[in-house]
$ cat protein_38.txt   # compact mmCIF, C-alpha atoms
# COMPACT_ATOMS: atom_id res chain seq x y z
CA MET Y 1 -18.47 -1.57 -12.34
CA LYS Y 2 -18.10 -5.31 -12.12
CA PRO Y 3 -15.18 -7.52 -13.03
CA ALA Y 4 -15.53 -10.08 -15.80
CA PRO Y 5 -16.44 -13.57 -14.49
CA PHE Y 6 -13.65 -15.76 -13.14
CA GLU Y 7 -13.16 -18.96 -11.18
CA TYR Y 8 -12.12 -18.63 -7.55
CA ARG Y 9 -9.90 -21.01 -5.57
CA ARG Y 10 -8.88 -20.44 -1.99
CA ALA Y 11 -5.39 -21.81 -1.34
CA GLU Y 12 -5.02 -23.98 1.76
CA SER Y 13 -1.23 -24.13 1.63
CA ILE Y 14 1.63 -22.94 -0.57
CA GLU Y 15 1.74 -26.42 -2.17
CA HIS Y 16 -1.99 -26.28 -2.86
CA ALA Y 17 -1.68 -22.80 -4.42
CA CYS Y 18 1.19 -23.99 -6.64
CA ALA Y 19 -0.72 -27.10 -7.72
CA VAL Y 20 -3.77 -25.02 -8.66
CA LEU Y 21 -1.59 -22.50 -10.53
CA ALA Y 22 0.17 -25.30 -12.41
CA ASP Y 23 -3.17 -26.65 -13.64
CA ALA Y 24 -4.80 -23.33 -14.33
CA GLY Y 25 -2.99 -22.04 -17.38
CA ASP Y 26 -1.49 -18.64 -18.10
CA ASP Y 27 -4.58 -16.54 -17.38
CA ALA Y 28 -4.76 -17.38 -13.66
CA ARG Y 29 -3.58 -14.78 -11.18
CA VAL Y 30 -2.57 -14.89 -7.54
CA LEU Y 31 -4.81 -12.80 -5.29
CA ALA Y 32 -3.15 -11.49 -2.14
CA GLY Y 33 -4.50 -8.20 -0.73
CA GLY Y 34 -6.11 -7.30 -4.04
CA GLN Y 35 -5.48 -3.59 -3.68
CA SER Y 36 -3.95 -3.31 -7.17
CA LEU Y 37 -5.42 -6.36 -8.91
CA ILE Y 38 -9.07 -5.76 -7.99
CA PRO Y 39 -9.18 -2.15 -9.25
CA MET Y 40 -7.64 -3.38 -12.51
CA MET Y 41 -10.33 -6.06 -12.70
CA ASN Y 42 -13.10 -3.58 -11.87
CA LEU Y 43 -11.88 -1.41 -14.74
CA ARG Y 44 -11.49 -4.57 -16.85
CA LEU Y 45 -7.85 -3.77 -17.49
CA ALA Y 46 -7.27 -7.29 -16.14
CA ARG Y 47 -9.53 -10.26 -16.92
CA PRO Y 48 -7.98 -13.30 -15.26
CA SER Y 49 -9.77 -16.59 -15.86
CA MET Y 50 -9.04 -17.69 -12.29
CA LEU Y 51 -7.98 -16.14 -9.00
CA VAL Y 52 -5.96 -18.20 -6.56
CA ASP Y 53 -6.56 -16.51 -3.21
CA ILE Y 54 -3.48 -16.90 -1.00
CA GLY Y 55 -4.81 -14.36 1.52
CA ARG Y 56 -5.18 -16.84 4.38
CA LEU Y 57 -1.75 -18.46 4.16
CA ALA Y 58 0.70 -17.82 7.02
CA LEU Y 59 3.03 -15.55 5.04
CA GLY Y 60 2.48 -12.38 7.03
CA SER Y 61 5.52 -11.99 9.27
CA VAL Y 62 8.62 -9.80 9.24
CA SER Y 63 11.84 -11.24 10.64
CA VAL Y 64 15.19 -9.56 11.18
CA SER Y 65 18.28 -11.73 11.49
CA GLY Y 66 21.70 -10.07 11.42
CA GLN Y 67 21.91 -8.04 8.19
CA GLU Y 68 18.96 -9.79 6.58
CA ILE Y 69 15.31 -8.76 6.66
CA ARG Y 70 12.78 -11.30 5.49
CA VAL Y 71 9.33 -9.97 4.69
CA GLY Y 72 6.60 -12.54 4.08
CA ALA Y 73 4.63 -12.08 0.86
CA LEU Y 74 1.47 -11.21 2.80
CA VAL Y 75 2.99 -8.58 5.10
CA ARG Y 76 0.68 -5.61 4.86
CA HIS Y 77 1.98 -2.10 4.24
CA ARG Y 78 0.75 -1.04 7.66
CA GLN Y 79 3.06 -3.61 9.27
CA LEU Y 80 6.05 -1.92 7.61
CA LEU Y 81 4.95 1.27 9.35
CA GLU Y 82 4.33 -0.34 12.74
CA ASP Y 83 6.81 -3.23 13.09
CA VAL Y 84 9.13 -2.26 15.93
CA ALA Y 85 12.02 -4.63 15.08
CA LEU Y 86 12.02 -3.37 11.50
CA ARG Y 87 11.90 0.24 12.59
CA ASN Y 88 14.90 -0.32 14.84
CA VAL Y 89 17.18 -1.71 12.13
CA ALA Y 90 15.85 0.06 9.02
CA PRO Y 91 13.47 2.98 9.62
CA VAL Y 92 13.56 3.71 5.89
CA PHE Y 93 10.96 0.94 5.41
CA ALA Y 94 8.41 2.88 7.45
CA GLU Y 95 9.41 6.08 5.69
CA ALA Y 96 8.70 4.39 2.34
CA ALA Y 97 5.45 2.76 3.49
CA ARG Y 98 4.09 6.15 4.50
CA PHE Y 99 4.00 7.00 0.78
CA ILE Y 100 2.04 3.88 -0.21
CA ALA Y 101 -1.53 4.87 -1.03
CA HIS Y 102 -3.77 5.68 1.96
CA PRO Y 103 -4.27 4.14 5.41
CA THR Y 104 -7.24 1.95 4.40
CA ILE Y 105 -5.37 0.50 1.42
CA ARG Y 106 -2.27 -0.01 3.59
CA ASN Y 107 -4.40 -2.25 5.86
CA PHE Y 108 -4.69 -4.88 3.10
CA GLY Y 109 -2.15 -4.18 0.36
CA THR Y 110 0.80 -6.59 0.65
CA ALA Y 111 4.57 -6.39 0.13
CA GLY Y 112 4.61 -9.42 -2.16
CA GLY Y 113 1.68 -8.11 -4.15
CA SER Y 114 3.39 -4.78 -4.70
CA VAL Y 115 6.50 -6.50 -6.05
CA ALA Y 116 4.54 -8.87 -8.31
CA HIS Y 117 2.46 -5.94 -9.61
CA ALA Y 118 5.71 -4.06 -10.48
CA ASP Y 119 4.37 -0.56 -10.85
CA PRO Y 120 7.38 1.47 -12.07
CA THR Y 121 7.19 4.00 -9.22
CA ALA Y 122 6.04 1.67 -6.44
CA GLU Y 123 7.93 1.91 -3.18
CA ILE Y 124 8.67 -1.71 -2.25
CA PRO Y 125 10.22 -2.64 -5.61
CA SER Y 126 12.57 0.35 -5.16
CA LEU Y 127 13.52 -0.83 -1.66
CA LEU Y 128 14.15 -4.30 -3.04
CA MET Y 129 16.60 -2.81 -5.56
CA LEU Y 130 18.19 -0.58 -2.90
CA PHE Y 131 18.95 -3.41 -0.47
CA ASP Y 132 20.25 -5.99 -2.99
CA GLY Y 133 16.95 -7.78 -2.54
CA LYS Y 134 15.72 -11.15 -3.67
CA VAL Y 135 12.35 -12.80 -3.91
CA GLU Y 136 11.60 -16.39 -3.01
CA ALA Y 137 9.21 -17.74 -5.62
CA ALA Y 138 7.41 -21.06 -5.26
CA SER Y 139 5.89 -23.26 -7.94
CA ASN Y 140 5.02 -26.92 -8.26
CA LYS Y 141 8.68 -27.44 -9.31
CA GLY Y 142 10.00 -26.11 -5.99
CA THR Y 143 11.31 -22.75 -4.79
CA ARG Y 144 13.79 -20.52 -6.57
CA THR Y 145 15.39 -17.23 -5.62
CA ILE Y 146 15.32 -14.32 -8.06
CA SER Y 147 17.43 -11.20 -7.51
CA ALA Y 148 15.66 -7.87 -7.83
CA ASN Y 149 17.91 -7.04 -10.80
CA ALA Y 150 16.60 -10.00 -12.72
CA LEU Y 151 13.00 -9.63 -11.57
CA PHE Y 152 11.74 -6.32 -12.96
CA LYS Y 153 11.34 -6.55 -16.74
CA GLY Y 154 9.22 -3.51 -17.51
CA ALA Y 155 6.16 -1.64 -16.31
CA PHE Y 156 3.88 -4.18 -14.60
CA SER Y 157 6.08 -6.98 -15.88
CA THR Y 158 8.34 -9.39 -14.00
CA SER Y 159 10.27 -12.56 -14.73
CA LEU Y 160 7.88 -14.56 -12.53
CA ALA Y 161 6.23 -17.39 -14.44
CA PRO Y 162 2.39 -17.53 -14.43
CA THR Y 163 2.72 -20.69 -12.34
CA GLU Y 164 4.88 -19.03 -9.66
CA MET Y 165 3.94 -17.15 -6.52
CA ILE Y 166 6.10 -14.95 -4.32
CA VAL Y 167 6.55 -16.43 -0.84
CA ALA Y 168 8.89 -13.84 0.70
CA LEU Y 169 11.12 -10.86 0.01
CA ARG Y 170 14.67 -10.71 1.36
CA PHE Y 171 16.59 -7.48 1.91
CA ARG Y 172 20.31 -7.22 2.76
CA LEU Y 173 21.30 -4.34 5.04
CA PRO Y 174 24.81 -2.80 4.87
CA ALA Y 175 27.26 -4.00 7.50
CA ALA Y 176 28.82 -0.56 8.12
CA ALA Y 177 27.14 2.41 9.82
CA TRP Y 178 24.55 3.61 7.36
CA GLY Y 179 21.58 5.90 6.96
CA GLY Y 180 18.68 5.65 4.58
CA CYS Y 181 16.14 8.02 3.12
CA PHE Y 182 13.00 7.65 0.98
CA LEU Y 183 11.50 10.67 -0.78
CA GLU Y 184 8.75 10.94 -3.32
CA LEU Y 185 6.59 13.51 -5.03
CA ALA Y 186 3.00 12.90 -6.08
CA GLU Y 187 0.21 15.26 -7.12
CA ARG Y 188 -1.67 14.52 -3.90
CA ASP Y 189 -0.85 12.65 -0.70
CA GLY Y 190 -0.97 8.94 -1.45
CA ASP Y 191 -1.26 9.20 -5.23
CA PHE Y 192 1.01 7.33 -7.60
CA ALA Y 193 4.44 8.97 -7.54
CA ILE Y 194 5.66 11.22 -10.33
CA ALA Y 195 9.17 10.50 -9.14
CA SER Y 196 10.66 8.75 -6.12
CA VAL Y 197 14.17 8.30 -4.80
CA CYS Y 198 15.61 6.14 -2.06
CA ALA Y 199 19.20 6.29 -0.89
CA VAL Y 200 21.63 4.58 1.44
CA VAL Y 201 24.88 6.21 2.56
CA GLU Y 202 27.49 4.30 4.57
CA ARG Y 203 30.14 6.22 6.44
CA LYS Y 204 33.12 5.90 8.74
CA GLY Y 205 33.42 9.08 10.76
CA GLU Y 206 32.91 11.88 8.24
CA THR Y 207 34.04 9.79 5.28
CA ILE Y 208 31.62 8.15 2.88
CA THR Y 209 32.38 4.46 2.44
CA GLY Y 210 29.43 3.55 0.24
CA ALA Y 211 26.49 5.23 -1.46
CA ARG Y 212 23.59 4.05 -3.58
CA VAL Y 213 20.34 5.42 -4.91
CA VAL Y 214 17.32 3.92 -6.63
CA LEU Y 215 15.16 6.05 -8.89
CA GLY Y 216 11.45 5.61 -9.55
CA GLY Y 217 10.12 7.52 -12.55
CA ALA Y 218 13.39 7.28 -14.51
CA ASP Y 219 12.34 4.27 -16.59
CA SER Y 220 9.72 1.53 -16.73
CA VAL Y 221 11.49 -0.23 -13.85
CA PRO Y 222 13.30 1.06 -10.74
CA VAL Y 223 16.82 2.17 -11.75
CA ARG Y 224 19.95 1.92 -9.59
CA PRO Y 225 22.69 4.05 -11.17
CA GLU Y 226 26.28 3.63 -9.95
CA ILE Y 227 27.25 6.55 -7.70
CA GLY Y 228 29.73 5.00 -5.27
CA ALA Y 229 32.84 5.94 -7.27
CA ALA Y 230 31.93 9.63 -7.23
CA LEU Y 231 31.40 9.75 -3.46
CA ASN Y 232 33.52 7.09 -1.75
CA GLY Y 233 36.34 8.52 0.36
CA ARG Y 234 34.81 12.00 0.36
CA VAL Y 235 32.94 13.99 2.97
CA MET Y 236 29.32 14.67 1.98
CA THR Y 237 28.71 18.32 1.20
CA GLU Y 238 25.79 20.01 -0.48
CA ALA Y 239 28.00 20.60 -3.53
CA ALA Y 240 29.08 16.95 -3.70
CA ALA Y 241 25.48 15.74 -3.43
CA ARG Y 242 24.36 18.26 -6.04
CA ASP Y 243 27.04 17.25 -8.56
CA VAL Y 244 26.17 13.57 -8.24
CA SER Y 245 22.44 14.17 -8.35
CA ARG Y 246 22.65 16.28 -11.51
CA ALA Y 247 24.85 13.76 -13.26
CA VAL Y 248 22.51 10.92 -12.29
CA ALA Y 249 19.36 12.75 -13.35
CA GLU Y 250 20.79 13.98 -16.68
CA ALA Y 251 21.70 10.42 -17.64
CA GLN Y 252 18.04 9.30 -17.39
CA LYS Y 253 15.80 9.27 -20.43
CA SER Y 254 12.67 9.14 -18.26
CA TYR Y 255 9.24 9.44 -19.90
CA ASP Y 256 6.26 11.70 -20.55
CA ASP Y 257 2.83 10.77 -19.26
CA ILE Y 258 -0.39 12.36 -18.04
CA ARG Y 259 1.27 13.46 -14.79
CA ALA Y 260 4.55 15.00 -15.94
CA SER Y 261 7.04 15.44 -18.77
CA ALA Y 262 10.34 13.58 -18.91
CA ALA Y 263 12.18 16.89 -18.45
CA TYR Y 264 10.22 17.67 -15.30
CA ARG Y 265 10.86 14.17 -13.97
CA ARG Y 266 14.62 14.63 -14.51
CA HIS Y 267 14.40 17.92 -12.63
CA LEU Y 268 12.58 16.23 -9.75
CA LEU Y 269 14.99 13.30 -9.69
CA ALA Y 270 17.98 15.65 -9.40
CA GLU Y 271 16.38 17.48 -6.50
CA LEU Y 272 15.23 14.33 -4.71
CA VAL Y 273 18.58 12.54 -5.12
CA GLN Y 274 20.41 15.50 -3.64
CA ARG Y 275 18.07 15.71 -0.65
CA ALA Y 276 18.04 11.95 -0.10
CA LEU Y 277 21.85 11.69 -0.13
CA LEU Y 278 22.27 14.55 2.33
CA THR Y 279 19.60 13.15 4.65
CA ALA Y 280 20.91 9.57 4.48
CA TYR Y 281 24.44 10.83 5.23
CA ALA Y 282 23.23 12.83 8.24
CA ARG Y 283 21.23 9.86 9.53
CA ALA Y 284 24.24 7.54 9.23
CA GLU Y 285 26.07 9.59 11.84
CA LYS Y 286 23.50 8.80 14.50
CA ARG Y 287 23.81 5.04 14.17
CA MET C 1 -21.43 -19.77 -7.71
CA ILE C 2 -19.84 -20.50 -4.38
CA GLU C 3 -21.36 -20.74 -0.96
CA ILE C 4 -20.14 -18.36 1.72
CA THR C 5 -21.11 -17.23 5.20
CA LEU C 6 -20.96 -13.57 6.18
CA THR C 7 -21.81 -11.95 9.48
CA VAL C 8 -22.82 -8.35 8.90
CA ASN C 9 -23.65 -6.09 11.85
CA GLY C 10 -24.28 -9.24 13.91
CA ILE C 11 -26.55 -10.97 11.39
CA THR C 12 -25.19 -14.18 9.86
CA LYS C 13 -26.32 -15.35 6.44
CA ARG C 14 -25.32 -18.22 4.23
CA LEU C 15 -25.30 -17.08 0.60
CA LYS C 16 -24.54 -18.35 -2.89
CA VAL C 17 -22.53 -15.74 -4.76
CA GLU C 18 -20.69 -15.40 -8.03
CA PRO C 19 -16.96 -15.01 -7.22
CA ARG C 20 -16.84 -11.70 -9.08
CA ARG C 21 -19.35 -10.04 -6.77
CA LEU C 22 -17.72 -7.24 -4.82
CA LEU C 23 -18.24 -7.08 -1.08
CA ALA C 24 -19.90 -3.66 -1.45
CA ASP C 25 -22.43 -5.11 -3.89
CA VAL C 26 -23.30 -8.02 -1.59
CA LEU C 27 -23.59 -5.76 1.47
CA ARG C 28 -26.04 -3.52 -0.36
CA HIS C 29 -28.13 -6.13 -2.12
CA GLU C 30 -28.08 -9.14 0.21
CA PHE C 31 -27.91 -7.33 3.55
CA GLY C 32 -29.69 -4.06 2.69
CA CYS C 33 -26.77 -1.96 3.91
CA TYR C 34 -27.39 0.98 1.62
CA GLY C 35 -25.04 3.15 3.68
CA VAL C 36 -22.25 1.34 1.84
CA HIS C 37 -21.80 3.76 -1.06
CA PHE C 38 -20.14 3.08 -4.38
CA GLY C 39 -18.18 6.15 -5.43
CA CYS C 40 -15.39 5.25 -7.83
CA SER C 41 -15.24 1.42 -7.62
CA HIS C 42 -11.47 1.40 -7.90
CA GLY C 43 -10.14 2.44 -4.53
CA ALA C 44 -9.76 6.17 -5.09
CA CYS C 45 -12.62 7.68 -3.07
CA GLY C 46 -13.14 5.70 0.16
CA CYS C 47 -16.98 5.93 0.09
CA CYS C 48 -17.43 2.16 0.45
CA THR C 49 -15.20 1.72 3.53
CA VAL C 50 -16.43 -0.92 6.00
CA HIS C 51 -14.76 -2.92 8.77
CA VAL C 52 -13.73 -6.47 7.87
CA ALA C 53 -12.49 -8.51 10.84
CA GLY C 54 -12.05 -5.27 12.73
CA GLU C 55 -10.03 -3.39 10.11
CA ALA C 56 -11.12 -0.65 7.74
CA ARG C 57 -11.34 -2.01 4.22
CA LEU C 58 -12.59 -0.73 0.88
CA SER C 59 -15.53 -2.97 0.06
CA CYS C 60 -15.10 -2.22 -3.67
CA LEU C 61 -11.59 -3.74 -3.43
CA ALA C 62 -12.70 -7.01 -1.87
CA PHE C 63 -14.67 -9.91 -3.27
CA ALA C 64 -17.40 -11.21 -1.00
CA CYS C 65 -15.96 -14.72 -1.37
CA GLN C 66 -12.64 -13.53 0.10
CA CYS C 67 -14.50 -12.56 3.27
CA ASP C 68 -16.13 -15.96 3.81
CA GLY C 69 -16.57 -16.56 7.55
CA MET C 70 -15.60 -13.02 8.51
CA GLU C 71 -17.39 -10.41 10.58
CA ILE C 72 -18.23 -7.20 8.83
CA VAL C 73 -19.45 -3.93 10.28
CA THR C 74 -20.98 -1.20 8.13
CA ILE C 75 -22.11 2.32 9.02
CA GLU C 76 -25.48 0.82 10.00
CA GLY C 77 -23.78 -1.18 12.77
CA VAL C 78 -20.97 1.14 13.84
CA SER C 79 -22.71 2.37 16.96
CA LYS C 80 -22.72 -0.14 19.77
CA SER C 81 -25.15 1.91 21.88
CA GLY C 82 -28.07 1.94 19.46
CA GLY C 83 -27.79 5.72 19.22
CA LEU C 84 -25.10 7.51 17.28
CA HIS C 85 -21.41 6.64 17.35
CA PRO C 86 -19.45 9.52 18.95
CA LEU C 87 -17.83 10.26 15.58
CA GLN C 88 -21.26 10.45 13.91
CA GLN C 89 -22.37 12.92 16.60
CA ALA C 90 -19.18 14.94 16.09
CA PHE C 91 -19.89 15.14 12.34
CA ILE C 92 -23.32 16.59 13.13
CA ASP C 93 -21.96 19.03 15.73
CA GLU C 94 -19.21 20.32 13.43
CA HIS C 95 -21.27 20.28 10.21
CA GLY C 96 -18.93 17.62 8.85
CA LEU C 97 -21.23 16.75 5.96
CA GLN C 98 -23.04 18.51 3.16
CA CYS C 99 -24.58 16.04 0.69
CA GLY C 100 -23.51 13.15 2.95
CA TYR C 101 -22.56 10.68 0.23
CA CYS C 102 -18.97 10.34 1.46
CA THR C 103 -19.83 10.40 5.17
CA PRO C 104 -20.22 6.66 5.91
CA GLY C 105 -16.82 6.05 4.33
CA PHE C 106 -15.17 8.79 6.34
CA ILE C 107 -16.67 7.49 9.58
CA MET C 108 -15.67 3.88 8.95
CA ALA C 109 -12.15 4.89 7.87
CA LEU C 110 -11.58 7.11 10.91
CA THR C 111 -12.95 5.16 13.91
CA ARG C 112 -9.61 3.43 14.59
CA PHE C 113 -7.76 6.75 14.38
CA VAL C 114 -10.27 8.37 16.76
CA ASP C 115 -9.96 5.45 19.20
CA ARG C 116 -6.15 5.52 19.27
CA SER C 117 -5.08 9.15 18.89
CA GLU C 118 -4.44 11.51 21.78
CA ALA C 119 -3.48 14.93 20.44
CA PRO C 120 -3.03 14.58 16.70
CA THR C 121 -1.86 17.50 14.57
CA ASP C 122 -4.04 18.68 11.70
CA ALA C 123 -1.51 17.09 9.34
CA GLU C 124 -1.94 13.71 11.07
CA ILE C 125 -5.73 13.96 10.89
CA ARG C 126 -5.54 14.88 7.22
CA GLU C 127 -3.21 11.95 6.57
CA ALA C 128 -5.63 9.60 8.33
CA MET C 129 -8.49 10.79 6.07
CA SER C 130 -6.40 11.10 2.89
CA GLY C 131 -8.00 8.03 1.31
CA ASN C 132 -11.48 9.56 1.41
CA ILE C 133 -12.77 12.19 -0.97
CA CYS C 134 -15.54 14.70 -0.20
CA ARG C 135 -16.71 16.30 -3.44
CA CYS C 136 -18.58 18.96 -1.48
CA THR C 137 -15.02 19.75 -0.28
CA GLY C 138 -16.02 20.10 3.36
CA TYR C 139 -12.68 18.94 4.69
CA HIS C 140 -12.12 21.61 7.35
CA SER C 141 -15.31 20.60 9.14
CA ILE C 142 -14.36 16.93 8.97
CA VAL C 143 -10.98 17.69 10.59
CA ALA C 144 -12.88 19.57 13.31
CA ALA C 145 -15.26 16.64 13.77
CA VAL C 146 -12.37 14.20 14.21
CA ARG C 147 -10.80 16.51 16.77
CA ARG C 148 -14.11 16.83 18.63
CA ALA C 149 -14.66 13.06 18.65
CA ILE C 150 -11.20 12.49 20.14
CA ALA C 151 -11.87 15.11 22.84
CA ALA C 152 -15.25 13.50 23.59
CA ARG C 153 -13.61 10.09 23.94
CA GLN C 154 -10.99 11.50 26.32
CA GLU C 155 -13.71 13.04 28.50
CA ARG C 156 -15.61 9.77 28.86

$ encode --input "protein_38.txt" --output "structure tokens"
Amino acid sequence: MKPAPFEYRRAESIEHACAVLADAGDDARVLAGGQSLIPMMNLRLARPSMLVDIGRLALGSVSVSGQEIRVGALVRHRQLLEDVALRNVAPVFAEAARFIAHPTIRNFGTAGGSVAHADPTAEIPSLLMLFDGKVEAASNKGTRTISANALFKGAFSTSLAPTEMIVALRFRLPAAAWGGCFLELAERDGDFAIASVCAVVERKGETITGARVVLGGADSVPVRPEIGAALNGRVMTEAAARDVSRAVAEAQKSYDDIRASAAYRRHLLAELVQRALLTAYARAEKR
Amino acid sequence: MIEITLTVNGITKRLKVEPRRLLADVLRHEFGCYGVHFGCSHGACGCCTVHVAGEARLSCLAFACQCDGMEIVTIEGVSKSGGLHPLQQAFIDEHGLQCGYCTPGFIMALTRFVDRSEAPTDAEIREAMSGNICRCTGYHSIVAAVRRAIAARQER
């Protein structure tokens, strides 16, 4: 298999990348780690006229400052597993990264690339929704910030313009004591998820003060249903988690595909939401 | 066509390549590294794994032009002694291969794990090799080979 021919430009700076993208027209694509784009090109599902390789730009660091985590566009998945500062404030990032493909792909696949690719069950887009995330997107007109809510438009579709590139992802951690959990089910270790769930529970003593979940496999984009009202002020019990998880899962239309039926996905989502809420609640106690 | 420089197993060449040429393709045809095997060409099988700048990478999911100026090691150059790499020897000792098509990919994917692990569980070994597929299905022997290679390293 060989990709269709394309022009190749190696970006020397963000400004250079943006200038090339602005001149290139709508068929140009940004190349970061290439772990999703290159297979699509090999299969000729994607035939960009030009690749703008941003792989050597200095966008590969994670920084934690107060409640905010900033992840450079070129942070590799393996860094999410290994970064000590990140693990200390939000171990759920490593828990999520463990589900991303396989170790070799995690060496080169990037956080920004995963978000721009927007696979409906990908892990980092779900985390971005879970933590009220934003992306910083640069173009030759400057930099703008797009909230995760406004970013994901559909399967493999975002509100990024063809002339824009992601520079960084920003995640906002809760201020109160909280615990997180990321769960997913795939046919085999590292495969694309059939369904995934991530959750955050905030608590004061035994009492829940905030709760959120994001579902992968419920729709063509990650979905964040409102669950706070049903749980706030209560103590988490198996029954409480089960009631919420069933209500959340039943409200999803979901979809049939080669891996699973919509009904099976709803069943999985209910189970995963329940487990994730209970685990996140238990983890919040230890913080 | 663009001009790039690659250093493969210590040999540096300046080449003119089409941007669309995959690293695996250039390693095979320009450097004669036929141990770099194409399996699936879309990142599902791990057969084409090589080391780029010291890290395991699928050479079907990299363009040669992306690797301009970088050092690459393939199965042909994995042993620094001239003999076999300890993991290659462990594959032989534990019968870790049948047809052998997947073997270079397994070795190149697992050297870092073998170098850094002390007493991994079977689950950790299986996770480390989860990106590589053996269609002869000889996985048990590969797990044993990884374990043996780690023990051999600890004895040295």

$ atom_distance --input "protein_38.txt" --atom1 "CA of Thr145 in chain Y" --atom2 "CA of Val92 in chain Y"
24.0 Å

$ closest_residue --input "protein_38.txt" --among "Y:Glu285, Y:Ile124, Y:Pro3, Y:Ile105" --to "Ser59 in chain C" --atoms "all atoms listed in the file"
Y:Ile105

$ atom_distance --input "protein_38.txt" --atom1 "CA of Ala241 in chain Y" --atom2 "CA of Thr207 in chain Y"
13.6 Å

$ residues_around --input "protein_38.txt" --residues "Phe38 in chain C" --least-positions-apart "4" --cutoff "8 Å" --atoms "all atoms listed in the file" --output "ChimeraX atom specification"
/C:24,47-48,60

$ atom_distance --input "protein_38.txt" --atom1 "CA of Gly179 in chain Y" --atom2 "CA of Pro222 in chain Y"
20.1 Å
